[in-house]
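A short worksheet on the structure shown next.
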Amino acid sequence: MITISKQAQQHFAKLLSKQPAGTHIRVFVVNPGTAQAECGVSYCPPDAVEDSDLTVNFTGFDAVVDSESKPFLVDAEIDFVTDQMGSQLTLKAPNAKVRKVSDDASLMERVQYVIDSEINPQLANHGGRVSVMELTGDGVAVLQFGGGCNGCSQVDLTLKEGIEKELLNRFSGELNGVRDITEHQRGEHSYY
């Protein structure tokens, strides 16, 4: 679930040696599954461990994860890096903003996951987003754009040259195309 490098484990063990006995670290996600998701690490006294928490054993300490954060911390990595600028703890959680779906999830769930985790972060740079509204019987993903994408002069290019190519590549043999059902209206919300 969470990988903690040897250097980070040594760092945590050193910090925890100065805390009351039995203190753990807590790894968590605030606003999990949203664009505002933020990951963090804090001290966790023994009396703050809940029955529903997941406890992961490491060298010299335990890491505690609450049940809400658990699915968003799949594949998370914590490292302790030292360079000419000093030392810092790094936490990478690629699934914090979007809950990872299993390989056997429905095509709709897998397509929406790729959109949420890879495509929407790029569209967000322009204030836009896209959602899967349905999958047709002939394998077409019906999409709806919002935010800055609604009325954008580049939406057709984004749809065909960006989103469709990526989705067809990812879901070869399962998906045959994409279609936009957005009623595009120009306005102040449009990116271009």
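Starting from 1 in every chain, residues are counted up; chains themselves are A, B, ... following the order of the structure tokens, and ligands are numbered from 1 as listed.
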### Residue neighbourhood segment 149-165 of chain A, 12 Å, only C-alpha atoms, exclusion window fewer than 2 positions, as a VMD selection string
chain A and resid 111 to 112 114 to 116 118 to 120 122 to 132 140 to 147 167 to 172 175 to 192
Expected file contents, prior selection, N, CA and C atoms, as a compact mmCIF listing (two decimals), in the first residue's frame:
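Resulting contents of result.txt:
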```txt
# COMPACT_ATOMS: atom_id res chain seq x y z
N VAL A 111 -12.68 4.12 -17.74
CA VAL A 111 -12.56 5.29 -18.61
C VAL A 111 -12.65 6.57 -17.76
N GLN A 112 -13.60 6.62 -16.83
CA GLN A 112 -13.74 7.81 -15.97
C GLN A 112 -12.49 8.00 -15.12
N VAL A 114 -9.34 7.23 -15.94
CA VAL A 114 -8.30 7.82 -16.80
C VAL A 114 -8.60 9.30 -17.02
N ILE A 115 -9.86 9.63 -17.24
CA ILE A 115 -10.23 11.03 -17.43
C ILE A 115 -9.95 11.84 -16.18
N ASP A 116 -10.36 11.32 -15.02
CA ASP A 116 -10.18 12.06 -13.76
C ASP A 116 -8.71 12.17 -13.35
N GLU A 118 -5.85 11.67 -15.37
CA GLU A 118 -4.86 12.11 -16.33
C GLU A 118 -5.32 13.25 -17.24
N ILE A 119 -6.56 13.18 -17.70
CA ILE A 119 -7.03 14.18 -18.66
C ILE A 119 -7.52 15.44 -17.97
N ASN A 120 -8.36 15.30 -16.93
CA ASN A 120 -8.89 16.49 -16.25
C ASN A 120 -7.81 17.36 -15.61
N GLN A 122 -5.01 18.08 -16.85
CA GLN A 122 -4.49 18.90 -17.95
C GLN A 122 -5.51 19.97 -18.35
N LEU A 123 -6.79 19.57 -18.40
CA LEU A 123 -7.85 20.53 -18.76
C LEU A 123 -8.02 21.59 -17.67
N ALA A 124 -7.72 21.24 -16.44
CA ALA A 124 -7.86 22.18 -15.32
C ALA A 124 -6.93 23.38 -15.48
N ASN A 125 -5.82 23.20 -16.21
CA ASN A 125 -4.91 24.32 -16.47
C ASN A 125 -5.62 25.45 -17.22
N HIS A 126 -6.71 25.11 -17.90
CA HIS A 126 -7.49 26.09 -18.66
C HIS A 126 -8.87 26.27 -18.06
N GLY A 127 -9.05 25.77 -16.83
CA GLY A 127 -10.33 25.91 -16.15
C GLY A 127 -11.39 24.95 -16.63
N GLY A 128 -11.00 23.89 -17.32
CA GLY A 128 -11.98 22.97 -17.89
C GLY A 128 -11.98 21.61 -17.24
N ARG A 129 -12.96 20.81 -17.65
CA ARG A 129 -13.10 19.44 -17.18
C ARG A 129 -13.99 18.68 -18.17
N VAL A 130 -13.94 17.37 -18.09
CA VAL A 130 -14.80 16.52 -18.93
C VAL A 130 -15.27 15.34 -18.10
N SER A 131 -16.47 14.85 -18.38
CA SER A 131 -17.03 13.70 -17.69
C SER A 131 -17.60 12.72 -18.71
N VAL A 132 -17.59 11.45 -18.35
CA VAL A 132 -18.22 10.43 -19.18
C VAL A 132 -19.69 10.38 -18.77
N VAL A 140 -18.93 3.69 -27.87
CA VAL A 140 -18.59 5.10 -27.97
C VAL A 140 -18.78 5.74 -26.58
N ALA A 141 -17.75 6.43 -26.12
CA ALA A 141 -17.84 7.16 -24.85
C ALA A 141 -18.46 8.53 -25.14
N VAL A 142 -19.59 8.79 -24.50
CA VAL A 142 -20.29 10.06 -24.67
C VAL A 142 -19.81 10.99 -23.55
N LEU A 143 -19.19 12.10 -23.94
CA LEU A 143 -18.54 13.01 -23.00
C LEU A 143 -19.26 14.34 -22.93
N GLN A 144 -19.13 14.98 -21.76
CA GLN A 144 -19.65 16.33 -21.61
C GLN A 144 -18.55 17.20 -21.01
N PHE A 145 -18.29 18.33 -21.67
CA PHE A 145 -17.29 19.27 -21.21
C PHE A 145 -17.92 20.31 -20.30
N GLY A 146 -17.11 20.88 -19.43
CA GLY A 146 -17.59 21.95 -18.56
C GLY A 146 -16.48 22.94 -18.28
N GLY A 147 -16.82 23.99 -17.54
CA GLY A 147 -15.84 25.01 -17.19
C GLY A 147 -15.32 25.71 -18.42
N LEU A 167 -7.82 7.64 -25.12
CA LEU A 167 -8.76 6.61 -24.68
C LEU A 167 -8.76 5.39 -25.61
N LEU A 168 -8.69 5.62 -26.92
CA LEU A 168 -8.67 4.49 -27.85
C LEU A 168 -7.39 3.67 -27.68
N ASN A 169 -6.28 4.34 -27.40
CA ASN A 169 -5.02 3.65 -27.15
C ASN A 169 -5.11 2.82 -25.87
N ARG A 170 -5.65 3.41 -24.82
CA ARG A 170 -5.77 2.73 -23.53
C ARG A 170 -6.76 1.57 -23.55
N PHE A 171 -7.85 1.74 -24.28
CA PHE A 171 -8.93 0.76 -24.24
C PHE A 171 -9.17 0.14 -25.62
N SER A 172 -8.07 -0.20 -26.27
CA SER A 172 -8.11 -0.81 -27.60
C SER A 172 -8.94 -2.09 -27.54
N LEU A 175 -13.18 0.20 -26.70
CA LEU A 175 -13.76 1.51 -27.00
C LEU A 175 -13.52 1.81 -28.48
N ASN A 176 -14.55 2.34 -29.15
CA ASN A 176 -14.45 2.61 -30.59
C ASN A 176 -14.43 4.09 -30.95
N GLY A 177 -14.71 4.96 -30.00
CA GLY A 177 -14.70 6.38 -30.29
C GLY A 177 -15.24 7.19 -29.13
N VAL A 178 -15.25 8.51 -29.31
CA VAL A 178 -15.82 9.43 -28.32
C VAL A 178 -16.74 10.41 -29.04
N ARG A 179 -17.71 10.92 -28.32
CA ARG A 179 -18.63 11.90 -28.88
C ARG A 179 -18.92 12.95 -27.80
N ASP A 180 -18.95 14.19 -28.20
CA ASP A 180 -19.23 15.31 -27.30
C ASP A 180 -20.71 15.68 -27.40
N ILE A 181 -21.39 15.73 -26.25
CA ILE A 181 -22.81 16.13 -26.24
C ILE A 181 -23.01 17.50 -25.62
N THR A 182 -21.92 18.20 -25.35
CA THR A 182 -22.00 19.52 -24.72
C THR A 182 -22.65 20.51 -25.66
N GLU A 183 -23.57 21.30 -25.15
CA GLU A 183 -24.13 22.42 -25.92
C GLU A 183 -23.23 23.61 -25.65
N HIS A 184 -22.21 23.74 -26.49
CA HIS A 184 -21.19 24.76 -26.28
C HIS A 184 -21.75 26.17 -26.49
N GLN A 185 -21.50 27.00 -25.49
CA GLN A 185 -21.91 28.41 -25.56
C GLN A 185 -20.71 29.25 -25.23
N ARG A 186 -20.41 30.19 -26.11
CA ARG A 186 -19.29 31.09 -25.83
C ARG A 186 -19.67 32.03 -24.71
N GLY A 187 -18.68 32.48 -24.00
CA GLY A 187 -18.90 33.42 -22.91
C GLY A 187 -17.63 33.67 -22.15
N GLU A 188 -17.74 34.36 -21.04
CA GLU A 188 -16.57 34.68 -20.24
C GLU A 188 -15.90 33.43 -19.66
N HIS A 189 -16.67 32.33 -19.52
CA HIS A 189 -16.12 31.11 -18.96
C HIS A 189 -15.22 30.39 -19.95
N SER A 190 -15.34 30.65 -21.25
CA SER A 190 -14.57 29.94 -22.27
C SER A 190 -13.10 30.33 -22.18
N TYR A 191 -12.23 29.36 -22.44
CA TYR A 191 -10.80 29.63 -22.37
C TYR A 191 -10.35 30.54 -23.51
N TYR A 192 -10.80 30.29 -24.73
CA TYR A 192 -10.42 31.13 -25.86
C TYR A 192 -11.61 31.95 -26.29
```
### All strand (DSSP E or B) residues (DSSP, backbone) inside segment 28-70 of chain A, as number ranges by chain
A: 28-30, 38-44, 54-58, 61-65
Selection from above, C-alpha atoms, as a CSV table (one decimal), in the first residue's frame, can you write it?
```
chain,number,residue,atom,x,y,z
A,28,PHE,CA,-3.7,10.8,5.6
A,29,VAL,CA,-5.5,12.6,2.8
A,30,VAL,CA,-7.5,15.7,3.4
A,38,GLU,CA,-3.7,17.1,0.1
A,39,CYS,CA,-1.6,14.4,1.7
A,40,GLY,CA,0.1,14.7,5.1
A,41,VAL,CA,1.9,12.9,7.8
A,42,SER,CA,1.6,13.7,11.6
A,43,TYR,CA,2.3,12.1,14.9
A,44,CYS,CA,-0.4,9.7,16.1
A,54,LEU,CA,-5.0,0.3,9.0
A,55,THR,CA,-1.7,-0.2,10.8
A,56,VAL,CA,1.3,-0.9,8.7
A,57,ASN,CA,4.5,-2.0,10.4
A,58,PHE,CA,7.9,-0.5,9.5
A,61,PHE,CA,7.5,2.4,14.1
A,62,ASP,CA,4.0,1.8,12.8
A,63,ALA,CA,2.2,3.9,10.2
A,64,VAL,CA,-1.5,4.4,10.8
A,65,VAL,CA,-4.0,5.2,7.9
```
Counting only C-alpha atoms, what are the residues of segment 13-76 of chain A within 12 Å of segment 98-107 of chain A, and for each of them which pair of atoms is the nearest and at what distance in Å, to one decimal? Sort the table by chain and rising number, as CSV.
```
residue,atom,partner,partner_atom,distance
A:Val29,CA,A:Val98,CA,11.3
A:Asn31,CA,A:Val98,CA,10.5
A:Pro32,CA,A:Val98,CA,7.4
A:Gly33,CA,A:Val98,CA,4.5
A:Thr34,CA,A:Val98,CA,6.7
A:Ala35,CA,A:Val98,CA,8.3
A:Gln36,CA,A:Val98,CA,10.7
A:Ala37,CA,A:Val98,CA,8.9
A:Glu38,CA,A:Val98,CA,11.8
A:Glu68,CA,A:Arg99,CA,10.7
A:Ser69,CA,A:Arg99,CA,9.7
A:Lys70,CA,A:Arg99,CA,9.6
A:Pro71,CA,A:Arg99,CA,6.1
A:Phe72,CA,A:Arg99,CA,5.3
A:Leu73,CA,A:Arg99,CA,8.7
A:Val74,CA,A:Lys100,CA,7.5
A:Asp75,CA,A:Lys100,CA,9.5
A:Ala76,CA,A:Lys100,CA,11.6
```
### Message
Could you go through segment 80-131 of chain A and tell me which residues DSSP, when run on the backbone, assigns to helix (DSSP H, G or I), listing them as a ChimeraX atom specification?
### Response
/A:107-124
Take the residues just selected and output them with C-alpha atoms as a short mmCIF file (atom, residue, chain, number, x, y, z; two decimals), in the first residue's frame.
```
data_model
loop_
_atom_site.label_atom_id
_atom_site.label_comp_id
_atom_site.auth_asym_id
_atom_site.auth_seq_id
_atom_site.Cartn_x
_atom_site.Cartn_y
_atom_site.Cartn_z
CA LEU A 107 -15.29 -0.04 -18.70
CA MET A 108 -17.22 3.07 -17.62
CA GLU A 109 -15.33 3.19 -14.29
CA ARG A 110 -11.96 2.62 -15.95
CA VAL A 111 -12.56 5.29 -18.61
CA GLN A 112 -13.74 7.81 -15.97
CA TYR A 113 -10.64 7.00 -13.88
CA VAL A 114 -8.30 7.82 -16.80
CA ILE A 115 -10.23 11.03 -17.43
CA ASP A 116 -10.18 12.06 -13.76
CA SER A 117 -6.57 11.12 -13.07
CA GLU A 118 -4.86 12.11 -16.33
CA ILE A 119 -7.03 14.18 -18.66
CA ASN A 120 -8.89 16.49 -16.25
CA PRO A 121 -5.70 17.69 -14.52
CA GLN A 122 -4.49 18.90 -17.95
CA LEU A 123 -7.85 20.53 -18.76
CA ALA A 124 -7.86 22.18 -15.32
#
```
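Interatomic distance, atom CA of Arg26 of chain A against atom CA of Gly86 of chain A: 24.0 Å.
Pairwise distance (atom CA of Lys14 of chain A, atom CA of Asp66 of chain A) equals 23.4 Å.
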### Message
Need the shell around Gln88 of chain A: protein/DNA/RNA residues with any atom at most 12 Å away, counting only C-alpha atoms. Skip same-chain ones fewer than 2 positions apart. Format as JSON, numbers by chain?
### Response
{"A": [7, 8, 11, 78, 79, 80, 81, 82, 83, 84, 85, 86, 90, 91]}
### Task
Would you work out the distance separating atom CA of His24 of chain A from atom CA of Phe12 of chain A, expressed in Å to one decimal?
9.1 Å
